[in-house]
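Visitor: Pasting start22.csv here (CSV, N, CA and C atoms):
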chain,number,residue,atom,x,y,z
A,32,GLU,N,13.1,33.9,2.4
A,32,GLU,CA,12.5,33.3,1.2
A,32,GLU,C,11.0,33.6,1.3
A,33,ASP,N,10.4,34.0,0.2
A,33,ASP,CA,9.0,34.2,0.1
A,33,ASP,C,8.2,32.9,0.0
A,34,ILE,N,7.2,32.8,0.9
A,34,ILE,CA,6.3,31.6,0.9
A,34,ILE,C,4.9,32.0,0.5
A,35,ASP,N,4.3,31.2,-0.3
A,35,ASP,CA,2.9,31.5,-0.7
A,35,ASP,C,2.0,31.1,0.4
A,36,PRO,N,1.3,32.0,1.1
A,36,PRO,CA,0.4,31.6,2.2
A,36,PRO,C,-0.9,30.9,1.7
A,37,SER,N,-1.2,31.0,0.4
A,37,SER,CA,-2.4,30.4,-0.1
A,37,SER,C,-2.3,28.8,0.1
A,38,ALA,N,-1.1,28.3,0.2
A,38,ALA,CA,-1.0,26.8,0.4
A,38,ALA,C,-1.6,26.4,1.7
A,39,LEU,N,-1.7,27.3,2.7
A,39,LEU,CA,-2.3,27.0,3.9
A,39,LEU,C,-3.8,26.8,3.8
A,40,PHE,N,-4.4,27.4,2.8
A,40,PHE,CA,-5.8,27.4,2.7
A,40,PHE,C,-6.3,26.3,1.6
A,41,ASP,N,-5.4,25.7,1.0
A,41,ASP,CA,-5.7,24.7,-0.1
A,41,ASP,C,-5.8,23.3,0.6
A,42,GLN,N,-6.5,23.2,1.7
A,42,GLN,CA,-6.6,22.0,2.4
A,42,GLN,C,-7.7,21.1,1.7
A,43,VAL,N,-7.6,19.9,1.7
A,43,VAL,CA,-8.6,18.9,1.1
A,43,VAL,C,-9.3,18.3,2.3
A,44,VAL,N,-10.6,18.4,2.3
A,44,VAL,CA,-11.4,17.8,3.3
A,44,VAL,C,-12.1,16.5,2.7
A,45,VAL,N,-11.8,15.4,3.2
A,45,VAL,CA,-12.3,14.1,2.7
A,45,VAL,C,-13.6,13.8,3.5
A,46,ASP,N,-14.6,13.4,2.8
A,46,ASP,CA,-15.9,13.0,3.4
A,46,ASP,C,-15.8,11.6,3.9
A,47,LYS,N,-15.3,11.4,5.1
A,47,LYS,CA,-15.2,10.0,5.6
A,47,LYS,C,-16.5,9.3,5.8
A,48,ALA,N,-17.6,10.0,6.0
A,48,ALA,CA,-18.9,9.4,6.1
A,48,ALA,C,-19.3,8.7,4.7
A,49,ARG,N,-18.9,9.4,3.6
A,49,ARG,CA,-19.2,8.9,2.3
A,49,ARG,C,-18.4,7.6,2.1
A,50,LEU,N,-17.1,7.6,2.5
A,50,LEU,CA,-16.3,6.4,2.3
A,50,LEU,C,-16.8,5.3,3.2
A,51,THR,N,-17.2,5.6,4.4
A,51,THR,CA,-17.8,4.6,5.3
A,51,THR,C,-19.0,3.9,4.7
A,52,ARG,N,-19.9,4.8,4.1
A,52,ARG,CA,-21.1,4.2,3.5
A,52,ARG,C,-20.7,3.3,2.3
A,53,HIS,N,-19.7,3.7,1.5
A,53,HIS,CA,-19.2,2.9,0.4
A,53,HIS,C,-18.7,1.5,0.9
A,54,ILE,N,-17.9,1.5,1.9
A,54,ILE,CA,-17.4,0.3,2.5
A,54,ILE,C,-18.6,-0.6,3.0
A,55,ARG,N,-19.5,0.0,3.8
A,55,ARG,CA,-20.6,-0.8,4.3
A,55,ARG,C,-21.5,-1.3,3.2
A,56,HIS,N,-21.7,-0.5,2.2
A,56,HIS,CA,-22.5,-1.0,1.0
A,56,HIS,C,-21.9,-2.2,0.3
A,57,ALA,N,-20.6,-2.1,0.1
A,57,ALA,CA,-19.8,-3.2,-0.5
A,57,ALA,C,-19.8,-4.4,0.3
A,58,LEU,N,-19.8,-4.3,1.6
A,58,LEU,CA,-19.8,-5.5,2.5
A,58,LEU,C,-21.2,-6.1,2.7
A,59,GLN,N,-22.2,-5.5,2.2
A,59,GLN,CA,-23.6,-6.1,2.3
A,59,GLN,C,-23.7,-7.4,1.5
A,60,ASP,N,-23.0,-7.4,0.3
A,60,ASP,CA,-23.1,-8.5,-0.6
A,60,ASP,C,-21.9,-9.5,-0.5
A,61,ARG,N,-20.9,-9.2,0.3
A,61,ARG,CA,-19.8,-10.1,0.5
A,61,ARG,C,-19.2,-9.9,1.8
A,62,ALA,N,-18.3,-10.9,2.2
A,62,ALA,CA,-17.7,-10.9,3.5
A,62,ALA,C,-16.5,-10.0,3.6
A,63,GLN,N,-15.9,-9.8,2.5
A,63,GLN,CA,-14.7,-9.0,2.5
A,63,GLN,C,-14.5,-8.3,1.1
A,64,ILE,N,-13.7,-7.2,1.1
A,64,ILE,CA,-13.4,-6.5,-0.1
A,64,ILE,C,-12.0,-5.8,0.1
A,65,THR,N,-11.3,-5.8,-1.0
A,65,THR,CA,-10.0,-5.2,-0.9
A,65,THR,C,-10.1,-3.7,-1.2
A,66,LEU,N,-9.1,-2.9,-0.8
A,66,LEU,CA,-9.1,-1.5,-1.0
A,66,LEU,C,-9.1,-1.2,-2.5
A,67,ARG,N,-8.3,-2.0,-3.3
A,67,ARG,CA,-8.2,-1.9,-4.7
A,67,ARG,C,-9.6,-2.1,-5.4
A,68,GLU,N,-10.4,-3.1,-4.9
A,68,GLU,CA,-11.7,-3.3,-5.4
A,68,GLU,C,-12.6,-2.2,-5.1
A,69,LEU,N,-12.5,-1.6,-3.9
A,69,LEU,CA,-13.3,-0.5,-3.5
A,69,LEU,C,-13.1,0.7,-4.5
A,70,VAL,N,-11.8,1.0,-4.7
A,70,VAL,CA,-11.4,2.1,-5.6
A,70,VAL,C,-11.9,1.8,-7.0
A,71,ALA,N,-11.9,0.6,-7.4
A,71,ALA,CA,-12.3,0.2,-8.8
A,71,ALA,C,-13.8,0.5,-9.0
A,72,THR,N,-14.6,0.3,-7.9
A,72,THR,CA,-16.0,0.5,-8.0
A,72,THR,C,-16.4,1.9,-7.8
A,73,GLN,N,-15.6,2.7,-7.1
A,73,GLN,CA,-15.8,4.1,-6.9
A,73,GLN,C,-14.5,4.8,-6.9
A,74,PRO,N,-14.1,5.3,-8.0
A,74,PRO,CA,-12.7,5.9,-8.2
A,74,PRO,C,-12.5,7.0,-7.2
A,75,LEU,N,-11.2,7.2,-6.8
A,75,LEU,CA,-10.8,8.3,-5.9
A,75,LEU,C,-11.1,9.6,-6.5
A,76,GLN,N,-11.8,10.5,-5.8
A,76,GLN,CA,-12.1,11.8,-6.3
A,76,GLN,C,-11.1,12.8,-5.8
A,77,GLN,N,-10.5,12.5,-4.6
A,77,GLN,CA,-9.6,13.5,-4.0
A,77,GLN,C,-8.2,12.9,-3.9
A,78,GLY,N,-7.9,11.9,-4.7
A,78,GLY,CA,-6.5,11.4,-4.8
A,78,GLY,C,-5.9,10.8,-3.5
A,79,LEU,N,-4.7,11.2,-3.3
A,79,LEU,CA,-4.0,10.6,-2.1
A,79,LEU,C,-4.7,10.8,-0.8
A,80,ALA,N,-5.2,12.0,-0.6
A,80,ALA,CA,-5.9,12.3,0.6
A,80,ALA,C,-7.1,11.3,0.9
A,81,GLU,N,-7.8,11.0,-0.1
A,81,GLU,CA,-8.9,10.0,0.0
A,81,GLU,C,-8.4,8.6,0.3
A,82,LEU,N,-7.3,8.3,-0.4
A,82,LEU,CA,-6.6,7.0,-0.2
A,82,LEU,C,-6.2,6.8,1.3
A,83,VAL,N,-5.6,7.9,1.8
A,83,VAL,CA,-5.2,7.8,3.2
A,83,VAL,C,-6.4,7.7,4.2
A,84,ALA,N,-7.5,8.4,3.8
A,84,ALA,CA,-8.7,8.3,4.6
A,84,ALA,C,-9.2,6.9,4.7
A,85,TYR,N,-9.2,6.2,3.5
A,85,TYR,CA,-9.6,4.8,3.5
A,85,TYR,C,-8.7,4.0,4.4
A,86,LEU,N,-7.4,4.2,4.4
A,86,LEU,CA,-6.5,3.5,5.3
A,86,LEU,C,-6.8,3.7,6.7
A,87,GLN,N,-7.1,5.0,7.1
A,87,GLN,CA,-7.5,5.3,8.4
A,87,GLN,C,-8.7,4.6,8.9
A,88,LEU,N,-9.7,4.6,8.0
A,88,LEU,CA,-11.0,3.9,8.3
A,88,LEU,C,-10.8,2.4,8.5
A,89,GLY,N,-9.9,1.9,7.8
A,89,GLY,CA,-9.5,0.5,8.0
A,89,GLY,C,-9.0,0.1,9.3
A,90,SER,N,-8.4,1.1,10.0
A,90,SER,CA,-7.8,0.8,11.3
A,90,SER,C,-8.8,1.3,12.4
A,91,ASP,N,-9.7,2.3,12.1
A,91,ASP,CA,-10.5,2.9,13.1
A,91,ASP,C,-11.9,2.3,13.1
A,92,ALA,N,-12.6,2.1,12.0
A,92,ALA,CA,-14.0,1.9,11.9
A,92,ALA,C,-14.4,0.5,11.5
A,93,PHE,N,-13.5,-0.3,10.9
A,93,PHE,CA,-13.9,-1.6,10.3
A,93,PHE,C,-12.8,-2.6,10.8
A,94,ASN,N,-13.3,-3.9,10.7
A,94,ASN,CA,-12.3,-5.0,10.8
A,94,ASN,C,-11.5,-5.0,9.5
A,95,ALA,N,-10.2,-4.9,9.6
A,95,ALA,CA,-9.4,-4.9,8.4
A,95,ALA,C,-8.1,-5.6,8.7
A,96,VAL,N,-7.5,-6.1,7.6
A,96,VAL,CA,-6.2,-6.7,7.7
A,96,VAL,C,-5.4,-6.2,6.6
A,97,VAL,N,-4.1,-6.3,6.8
A,97,VAL,CA,-3.1,-5.9,5.8
A,97,VAL,C,-2.3,-7.1,5.4
A,98,ASP,N,-2.3,-7.5,4.1
A,98,ASP,CA,-1.6,-8.6,3.6
A,98,ASP,C,-0.2,-8.1,3.1
A,99,GLU,N,0.8,-8.1,4.0
A,99,GLU,CA,2.1,-7.5,3.6
A,99,GLU,C,2.8,-8.2,2.5
A,100,ASP,N,2.4,-9.5,2.2
A,100,ASP,CA,3.0,-10.3,1.2
A,100,ASP,C,2.4,-10.1,-0.2
A,101,THR,N,1.3,-9.3,-0.3
A,101,THR,CA,0.7,-9.1,-1.6
A,101,THR,C,0.6,-7.6,-1.9
A,102,PRO,N,1.5,-7.1,-2.7
A,102,PRO,CA,1.4,-5.6,-3.0
A,102,PRO,C,0.3,-5.4,-4.0
A,103,GLU,N,-0.3,-4.2,-3.9
A,103,GLU,CA,-1.3,-3.8,-4.9
A,103,GLU,C,-1.0,-2.4,-5.3
A,104,VAL,N,-1.4,-2.1,-6.6
A,104,VAL,CA,-1.2,-0.7,-7.1
A,104,VAL,C,-2.6,-0.1,-7.2
A,105,ILE,N,-2.8,1.1,-6.6
A,105,ILE,CA,-4.0,1.8,-6.7
A,105,ILE,C,-3.8,3.0,-7.6
A,106,HIS,N,-4.6,3.1,-8.6
A,106,HIS,CA,-4.5,4.2,-9.6
A,106,HIS,C,-5.6,5.2,-9.4
A,107,TRP,N,-5.3,6.5,-9.7
A,107,TRP,CA,-6.4,7.5,-9.8
A,107,TRP,C,-6.0,8.6,-10.7
A,108,ARG,N,-7.0,9.3,-11.2
A,108,ARG,CA,-6.8,10.5,-12.1
A,108,ARG,C,-6.6,11.7,-11.3
A,109,ALA,N,-5.8,12.6,-11.8
A,109,ALA,CA,-5.5,13.9,-11.1
A,109,ALA,C,-5.1,14.9,-12.2
A,110,GLU,N,-4.9,16.1,-11.7
A,110,GLU,CA,-4.4,17.1,-12.6
A,110,GLU,C,-3.0,17.5,-12.1
A,111,ASP,N,-2.1,17.8,-13.1
A,111,ASP,CA,-0.7,18.2,-12.7
A,111,ASP,C,-0.8,19.8,-12.6
A,112,GLU,N,0.4,20.4,-12.4
A,112,GLU,CA,0.5,21.8,-12.1
A,112,GLU,C,-0.1,22.6,-13.3
A,113,ASP,N,-0.1,22.1,-14.5
A,113,ASP,CA,-0.6,22.8,-15.6
A,113,ASP,C,-2.0,22.5,-15.9
A,114,GLY,N,-2.7,21.8,-15.1
A,114,GLY,CA,-4.1,21.4,-15.3
A,114,GLY,C,-4.3,20.3,-16.2
A,115,GLU,N,-3.2,19.6,-16.6
A,115,GLU,CA,-3.3,18.4,-17.5
A,115,GLU,C,-3.7,17.2,-16.7
A,116,ALA,N,-4.6,16.3,-17.3
A,116,ALA,CA,-5.0,15.1,-16.6
A,116,ALA,C,-3.8,14.1,-16.6
A,117,VAL,N,-3.5,13.5,-15.5
A,117,VAL,CA,-2.5,12.5,-15.3
A,117,VAL,C,-3.0,11.4,-14.5
A,118,THR,N,-2.4,10.2,-14.6
A,118,THR,CA,-2.7,9.1,-13.8
A,118,THR,C,-1.6,9.0,-12.7
A,119,ARG,N,-2.1,8.9,-11.5
A,119,ARG,CA,-1.2,8.8,-10.3
A,119,ARG,C,-1.4,7.3,-9.8
A,120,LYS,N,-0.4,6.8,-9.1
A,120,LYS,CA,-0.5,5.5,-8.5
A,120,LYS,C,0.3,5.4,-7.2
A,121,ALA,N,-0.2,4.5,-6.4
A,121,ALA,CA,0.5,4.2,-5.1
A,121,ALA,C,0.6,2.7,-5.0
A,122,ARG,N,1.7,2.2,-4.6
A,122,ARG,CA,1.9,0.8,-4.4
A,122,ARG,C,1.9,0.6,-2.9
A,123,LEU,N,1.1,-0.3,-2.4
A,123,LEU,CA,1.0,-0.6,-1.0
A,123,LEU,C,0.5,-2.0,-0.7
A,124,PRO,N,0.7,-2.5,0.5
A,124,PRO,CA,0.3,-3.9,0.8
A,124,PRO,C,-1.2,-3.9,0.6
A,125,ARG,N,-1.7,-5.1,0.2
A,125,ARG,CA,-3.2,-5.3,0.1
A,125,ARG,C,-3.9,-5.0,1.4
A,126,GLY,N,-4.9,-4.2,1.3
A,126,GLY,CA,-5.7,-3.9,2.5
A,126,GLY,C,-7.1,-4.6,2.2
A,127,ILE,N,-7.6,-5.3,3.3
A,127,ILE,CA,-8.8,-6.0,3.1
A,127,ILE,C,-9.8,-5.6,4.2
A,128,PHE,N,-11.0,-5.1,3.8
A,128,PHE,CA,-12.0,-4.7,4.8
A,128,PHE,C,-12.9,-5.9,4.9
A,129,MET,N,-13.4,-6.2,6.2
A,129,MET,CA,-14.2,-7.4,6.4
A,129,MET,C,-15.4,-7.0,7.3
A,130,ARG,N,-16.5,-7.7,7.2
A,130,ARG,CA,-17.6,-7.4,8.1
A,130,ARG,C,-17.4,-8.1,9.4
Since I need it in another form, could you write the structure as structure tokens?

Guide:
Amino acid sequence: EDIDPSALFDQVVVDKARLTRHIRHALQDRAQITLRELVATQPLQQGLAELVAYLQLGSDAFNAVVDEDTPEVIHWRAEDEDGEAVTRKARLPRGIFMR
């Protein structure tokens, strides 16, 4: 089967330092903020890859909790295979970042 090798080079690099600054800035004025609120104030630019990076930061760099009993839907804009704008969404337990 023919495989398109260009897929190997279509990697998305997420700027975790930018996301970290966004979280820290949001926590200057409040004790906690949800992931959904963070995305509402600064929409995802890199879609699912950026969402996963936020989740990783929540476990690596910040005090964070996951409220398994409260699901949230995170929306972002993306392009489909034809270049058309579409809205994507992910349903996940509420993530809360705290200072």

Visitor: Tell me, in Å to one decimal, how far CA of His53 in chain A is from CA of Arg125 in chain A.

Guide: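 Separating CA of His53 in chain A from CA of Arg125 in chain A is a distance of 18.0 Å.
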
Visitor: Could you name the residues that touch Leu66 in chain A at 8 Å or less, counting all atoms listed in the file, but leaving out those on the same chain fewer than 2 positions away, as a ChimeraX atom specification?

Guide: /A:63-64,68-72,85,105,125-128

Visitor: Using DSSP on the backbone, list every residue of range 38-122 of chain A that comes out as strand (DSSP E or B), and give them as a PyMOL selection string.

Guide: chain A and resi 63-65+94-110+116-122

Visitor: Atom C of Gln42 in chain A and atom C of Ala57 in chain A are how many Å apart?

Guide: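 Computing the Euclidean distance for atom C of Gln42 in chain A and atom C of Ala57 in chain A yields 28.3 Å.
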
Visitor: Considering all atoms listed in the file, can you say which of A:Pro124, A:His56, A:Met129, A:Val117 comes closest to Asp98 in chain A?

Guide: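 Using all atoms listed in the file, the shortest distance to Asp98 in chain A belongs to A:Pro124.
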
Visitor: Using only C-alpha atoms, can you tell me which of A:Lys120, A:Arg130, A:Ala92, A:Ala48 comes closest to Thr65 in chain A?

Guide: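 Counting only C-alpha atoms, the residue closest to Thr65 in chain A is A:Arg130.
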
Visitor: Report, in Å with one decimal, the straight-line distance from CA of Leu88 in chain A to atom C of Arg55 in chain A.

Guide: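 Computing it gives 12.8 Å between the two atoms.
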
Visitor: What residues have an atom no more than 7 Å from (-1.3, -4.4, -6.1) in the file's own frame, counting only C-alpha atoms, and can you write them as a list in words?

Guide: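 Counting only C-alpha atoms, I find these residues within 7 Å of (-1.3, -4.4, -6.1): Thr101, Pro102, Glu103, Val104, Ile105, Arg122, Leu123 and Arg125 of chain A.
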
Visitor: Determine the nearest neighbour of Gln76 in chain A from the options A:Arg52, A:Ala109, A:Leu58, A:Gly114, counting only N, CA and C atoms.

Guide: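 Ranked by minimum distance to Gln76 in chain A, first place goes to A:Ala109.
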